[in-house]
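Taking it in order: structure first as C-alpha cells, then the write-up.
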Amino acid sequence: MRIDILSLFPEMFDGPFASSIIKRAVDKGLVNIYVNNFRNYAPDRHKVVDDYPYGGGAGMVLKPEPIFAAVEDLRGSPYVKNPQKPVILLSPQGRLFDQNIARELASRESLILICGHYEGADERVSQHLATDEISIGDYVLSGGEPAAIVMVDAIVRLIPGVIDCLSTADDSFSRGILEYPQYTRPANFRGCQVPDILLSGNHGEIEKWRRIQAVKRTLERRPDLLDSASLTAEEQKILARLEYFNHL
C-alpha cells in the first residue's frame with residue numbers, strides 16, 4: 001500500500017512514523033509512506049499557499065493551485081477522481097472516522113491525505129479534487145497533521161501481515177463493541193485479584209466470561225455502539241439479560 005500525505009509541516013510526522021507498528025510495516029515493505037510539502041507546488045517564486053477569503057472574514061484560506069498541482073503530480077494530470085484511489089481532505093466537515101472507515105481504506109492500494117490548515121482549503125478542493133472528506137472528531141485542531149497520524153496508525157495496523165490477525169480481532173470497535181478486560185501477572189497486585197475464571201484453564205468458560213464482559217462494558221460505557229454492533233446470537237441474549245436486570 002502507498003500513502004501520500006500533503007502537508008505544510010512534514011516534520012510533524014518524523015517521530016510517529018519512525019517507531020512502533022508503522023515503522024515495522026514500512027521495514028517489511030507492506031506500506032510506503034511519503035510526506036509531501038505542497039508548498040513546493042506553489043506557482044509563484046515566494047511559494048505562497050494561502051490568501052484572504054473572498055467576501056472578507058478572519059483568517060487565511062489555502063489556495064487551490066498548489067494542492068491540485070501536488071495531487072496531479074502524484075496521480076497524473078489531468079486528474080480524474082477515482083474512488084478506488086482515494087484523495088481525502090481532512091476536514092471538520094467530513095464524515096466521522098471510525099473502525100469501519102479504517103477497514104475500508106486499508107483495502108485500497110493507495111491513499112492521498114490532504115492536511116488542511118488555517119481556515120481550511122478553498123472549496124474547489126473539496127468539490128473537484130477530493131473523493132472524500134474525513135474528520136477524526138468534533139473538536140478543533142491547528143491543522144490536519146494530527147488527524148493524518150491517527151488515521152495512518154488505524155489503517156496501517158489493519159493491512160494484512162502488519163499485525164497478527166488474532167491480535168486485532170477482539171480490539172475495541174472491531175465488531176462495534178468494546179474489548180473485554182485484560183489482565184497479566186501478578187495474579188494479585190496490592191490486594192487486587194485477577195478474576196478466578198481467567199486462572200482456571202477452562203478456555204470455554206473464559207471465552208464465555210469475555211463475551212459477557214465485552215457486552216457489559218459496552219452497555220455501561222458506550223451504549224450508543226450497541227445500535228449498530230454486529231452481535232452474535234449469544235451476545236444478543238447476554239445484552240437482553242443485562243438490560244433486564246438493569247431495569248429491575
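Labels for the C-alpha cells follow display order: chains A, B, ..., residues from 1 in each chain, ligands from 1.
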Range 122-136 of chain A environment, 6 Å, only C-alpha atoms, sequence neighbours closer than 5 positions dropped, as a short mmCIF file (atom, residue, chain, number, x, y, z; two decimals) with N, CA and C atoms, in the first residue's frame:
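This is the output file result39.cif:
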```cif
data_model
loop_
_atom_site.label_atom_id
_atom_site.label_comp_id
_atom_site.auth_asym_id
_atom_site.auth_seq_id
_atom_site.Cartn_x
_atom_site.Cartn_y
_atom_site.Cartn_z
N LEU A 62 -6.40 28.22 2.32
CA LEU A 62 -5.42 27.56 1.46
C LEU A 62 -5.83 27.70 -0.01
N LYS A 63 -4.89 28.11 -0.84
CA LYS A 63 -5.14 28.29 -2.26
C LYS A 63 -5.27 26.94 -2.96
N PRO A 64 -6.08 26.86 -4.00
CA PRO A 64 -6.26 25.57 -4.68
C PRO A 64 -5.08 25.14 -5.53
N PRO A 86 -8.43 6.80 -3.22
CA PRO A 86 -9.00 7.96 -2.52
C PRO A 86 -8.03 9.12 -2.36
N VAL A 87 -8.59 10.31 -2.54
CA VAL A 87 -7.91 11.56 -2.19
C VAL A 87 -8.77 12.18 -1.10
N ILE A 88 -8.26 12.18 0.12
CA ILE A 88 -9.08 12.52 1.29
C ILE A 88 -8.64 13.85 1.87
N LEU A 89 -9.61 14.76 1.97
CA LEU A 89 -9.38 16.04 2.61
C LEU A 89 -9.73 15.89 4.09
N LEU A 90 -8.77 16.14 4.96
CA LEU A 90 -9.02 16.07 6.40
C LEU A 90 -9.67 17.38 6.82
N SER A 91 -10.92 17.27 7.27
CA SER A 91 -11.74 18.46 7.49
C SER A 91 -12.73 18.20 8.61
N PRO A 92 -13.00 19.22 9.46
CA PRO A 92 -14.02 19.05 10.50
C PRO A 92 -15.42 18.85 9.92
N GLY A 94 -16.05 16.71 7.48
CA GLY A 94 -16.11 15.39 6.86
C GLY A 94 -16.86 14.38 7.70
N ARG A 95 -17.03 13.17 7.12
CA ARG A 95 -17.67 12.10 7.88
C ARG A 95 -16.73 11.65 8.99
N LEU A 96 -17.31 11.16 10.08
CA LEU A 96 -16.54 10.85 11.28
C LEU A 96 -15.78 9.54 11.10
N PHE A 97 -14.48 9.61 11.28
CA PHE A 97 -13.61 8.45 11.13
C PHE A 97 -13.92 7.40 12.18
#
```
Exercise for review: Please provide the set of residues having any atom within 10 Å of Asp50 in chain A, restricted to only C-alpha atoms, with same-chain residues fewer than 4 positions apart removed, written as JSON, numbers by chain.
Suggested key: {"A": [39, 42, 59, 60, 61, 62, 63, 64, 65, 66, 117, 118, 119, 120, 121, 122]}
**Study point:** Neighbour list for Thr184 in chain A as a PyMOL selection string, cut-off 12 Å, only C-alpha atoms, skip fewer than 5 positions in-chain
**Key:** chain A and resi 189+193-195+198-199
Exercise for review: Take CA of Thr232 in chain A and CA of Arg211 in chain A and report the distance between them in Å, one decimal.
Suggested key: 9.8 Å
Review point. Please, which residues of range 4-108 of chain A, numbered as in this document, come out alpha helix (DSSP H) from DSSP, as a ChimeraX atom specification?
Key: /A:20-27,64-75,99-106
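Look at Gln236 in chain A: the protein and nucleic acid residues within 12 Å of it, using only C-alpha atoms and passing over chain neighbours fewer than 4 places away, are Arg211, Ile212, Ala214, Val215, Lys216, Leu219, Leu226, Asp227, Ala229, Ser230, Leu231, Thr232, Ala240, Arg241, Leu242 and Glu243 of chain A.
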Exercise for review: Give the answer as one residue: which of A:Gln182, A:Asn37, A:Ser107, A:Ser142 has the shortest atom-to-atom distance to Lys85 in chain A, using only C-alpha atoms?
Suggested key: A:Ser107
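Reported to one decimal place, the separation of CA of Trp209 in chain A from CA of Pro186 in chain A is 20.1 Å.
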Review point. Mind checking DSSP for range 5-244 of chain A and telling me the strand (DSSP E) residues as a ChimeraX atom specification?
Key: /A:5-7,32-37,50-51,61-62,87-96,110-115,132-135,188-189,192-193
Keeping N, CA and C atoms, export the residues of the selection given above as a compact mmCIF listing (two decimals), in the first residue's frame.
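Output file again-v4.txt is given in full below:
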```txt
# COMPACT_ATOMS: atom_id res chain seq x y z
N ILE A 5 0.94 11.89 1.93
CA ILE A 5 0.37 12.92 2.79
C ILE A 5 0.84 14.28 2.29
N LEU A 6 -0.10 15.18 2.07
CA LEU A 6 0.22 16.55 1.66
C LEU A 6 0.11 17.44 2.89
N SER A 7 1.20 18.09 3.24
CA SER A 7 1.26 18.87 4.47
C SER A 7 2.20 20.04 4.31
N ASN A 32 4.26 1.97 2.02
CA ASN A 32 5.21 3.06 1.74
C ASN A 32 4.50 4.37 2.04
N ILE A 33 5.11 5.19 2.88
CA ILE A 33 4.51 6.45 3.29
C ILE A 33 5.41 7.60 2.84
N TYR A 34 4.81 8.54 2.11
CA TYR A 34 5.55 9.70 1.62
C TYR A 34 4.85 10.96 2.10
N VAL A 35 5.61 11.85 2.73
CA VAL A 35 5.07 13.13 3.19
C VAL A 35 5.57 14.21 2.26
N ASN A 36 4.64 14.89 1.60
CA ASN A 36 4.96 15.88 0.58
C ASN A 36 4.57 17.28 1.04
N ASN A 37 5.49 18.20 0.98
CA ASN A 37 5.20 19.59 1.33
C ASN A 37 4.61 20.27 0.10
N ASP A 50 -1.49 30.45 0.78
CA ASP A 50 -2.76 30.90 1.35
C ASP A 50 -3.04 32.33 0.94
N ASP A 51 -4.31 32.73 1.12
CA ASP A 51 -4.71 34.08 0.75
C ASP A 51 -5.95 34.45 1.55
N VAL A 61 -7.10 31.34 3.83
CA VAL A 61 -7.63 30.13 3.19
C VAL A 61 -6.55 29.54 2.29
N LEU A 62 -6.40 28.22 2.32
CA LEU A 62 -5.42 27.56 1.46
C LEU A 62 -5.83 27.70 -0.01
N VAL A 87 -8.59 10.31 -2.54
CA VAL A 87 -7.91 11.56 -2.19
C VAL A 87 -8.77 12.18 -1.10
N ILE A 88 -8.26 12.18 0.12
CA ILE A 88 -9.08 12.52 1.29
C ILE A 88 -8.64 13.85 1.87
N LEU A 89 -9.61 14.76 1.97
CA LEU A 89 -9.38 16.04 2.61
C LEU A 89 -9.73 15.89 4.09
N LEU A 90 -8.77 16.14 4.96
CA LEU A 90 -9.02 16.07 6.40
C LEU A 90 -9.67 17.38 6.82
N SER A 91 -10.92 17.27 7.27
CA SER A 91 -11.74 18.46 7.49
C SER A 91 -12.73 18.20 8.61
N PRO A 92 -13.00 19.22 9.46
CA PRO A 92 -14.02 19.05 10.50
C PRO A 92 -15.42 18.85 9.92
N GLN A 93 -15.59 19.11 8.62
CA GLN A 93 -16.90 18.94 7.98
C GLN A 93 -17.07 17.56 7.36
N GLY A 94 -16.05 16.71 7.48
CA GLY A 94 -16.11 15.39 6.86
C GLY A 94 -16.86 14.38 7.70
N ARG A 95 -17.03 13.17 7.12
CA ARG A 95 -17.67 12.10 7.88
C ARG A 95 -16.73 11.65 8.99
N LEU A 96 -17.31 11.16 10.08
CA LEU A 96 -16.54 10.85 11.28
C LEU A 96 -15.78 9.54 11.10
N SER A 110 -3.77 2.62 -2.66
CA SER A 110 -3.11 3.89 -2.41
C SER A 110 -4.09 4.90 -1.83
N LEU A 111 -3.55 5.85 -1.07
CA LEU A 111 -4.33 6.93 -0.47
C LEU A 111 -3.54 8.22 -0.58
N ILE A 112 -4.25 9.32 -0.72
CA ILE A 112 -3.65 10.65 -0.55
C ILE A 112 -4.44 11.36 0.54
N LEU A 113 -3.75 11.83 1.57
CA LEU A 113 -4.37 12.58 2.65
C LEU A 113 -3.92 14.03 2.56
N ILE A 114 -4.89 14.94 2.49
CA ILE A 114 -4.59 16.37 2.40
C ILE A 114 -4.82 17.00 3.77
N CYS A 115 -3.78 17.53 4.35
CA CYS A 115 -3.88 18.16 5.67
C CYS A 115 -4.24 19.63 5.51
N ASP A 132 -13.27 12.29 -0.88
CA ASP A 132 -13.89 12.12 0.43
C ASP A 132 -13.37 13.20 1.37
N GLU A 133 -14.16 13.50 2.39
CA GLU A 133 -13.73 14.36 3.49
C GLU A 133 -13.94 13.60 4.78
N ILE A 134 -12.93 13.62 5.67
CA ILE A 134 -12.99 12.86 6.90
C ILE A 134 -12.55 13.73 8.07
N SER A 135 -13.26 13.57 9.19
CA SER A 135 -12.93 14.23 10.45
C SER A 135 -12.65 13.15 11.48
N ASN A 188 -2.11 -11.32 41.90
CA ASN A 188 -2.57 -10.46 42.99
C ASN A 188 -1.64 -9.26 43.07
N PHE A 189 -2.18 -8.08 42.81
CA PHE A 189 -1.39 -6.85 42.87
C PHE A 189 -2.04 -5.89 43.85
N CYS A 192 -5.51 -6.54 44.76
CA CYS A 192 -6.46 -6.62 43.64
C CYS A 192 -6.21 -7.92 42.88
N GLN A 193 -7.19 -8.80 42.90
CA GLN A 193 -7.03 -10.15 42.37
C GLN A 193 -7.57 -10.25 40.95
```
Contacts of Val162 in chain A at 9 Å (only C-alpha atoms; same-chain gap of 4+ positions) as a tab-separated table (two decimals) with N, CA and C atoms, in the first residue's frame:
```tsv
chain	number	residue	atom	x	y	z
A	21	ILE	N	4.62	0.20	15.31
A	21	ILE	CA	3.98	-0.62	14.28
A	21	ILE	C	4.17	-0.04	12.88
A	22	ILE	N	4.06	1.29	12.77
A	22	ILE	CA	4.18	1.89	11.44
A	22	ILE	C	5.57	1.66	10.87
A	24	ARG	N	7.64	-0.76	11.58
A	24	ARG	CA	7.79	-2.18	11.24
A	24	ARG	C	7.09	-2.50	9.93
A	25	ALA	N	5.93	-1.90	9.72
A	25	ALA	CA	5.20	-2.13	8.46
A	25	ALA	C	5.99	-1.59	7.27
A	28	LYS	N	8.99	-3.84	6.60
A	28	LYS	CA	8.58	-5.10	5.95
A	28	LYS	C	8.19	-4.90	4.49
A	30	LEU	N	5.37	-3.50	3.59
A	30	LEU	CA	3.92	-3.64	3.49
A	30	LEU	C	3.23	-2.32	3.21
A	156	VAL	N	-2.93	1.36	8.93
A	156	VAL	CA	-1.77	0.50	8.69
A	156	VAL	C	-1.87	-0.79	9.50
A	157	ARG	N	-2.35	-0.71	10.74
A	157	ARG	CA	-2.40	-1.92	11.57
A	157	ARG	C	-3.38	-2.96	11.02
A	158	LEU	N	-4.26	-2.54	10.09
A	158	LEU	CA	-5.22	-3.46	9.50
A	158	LEU	C	-4.74	-4.08	8.19
```
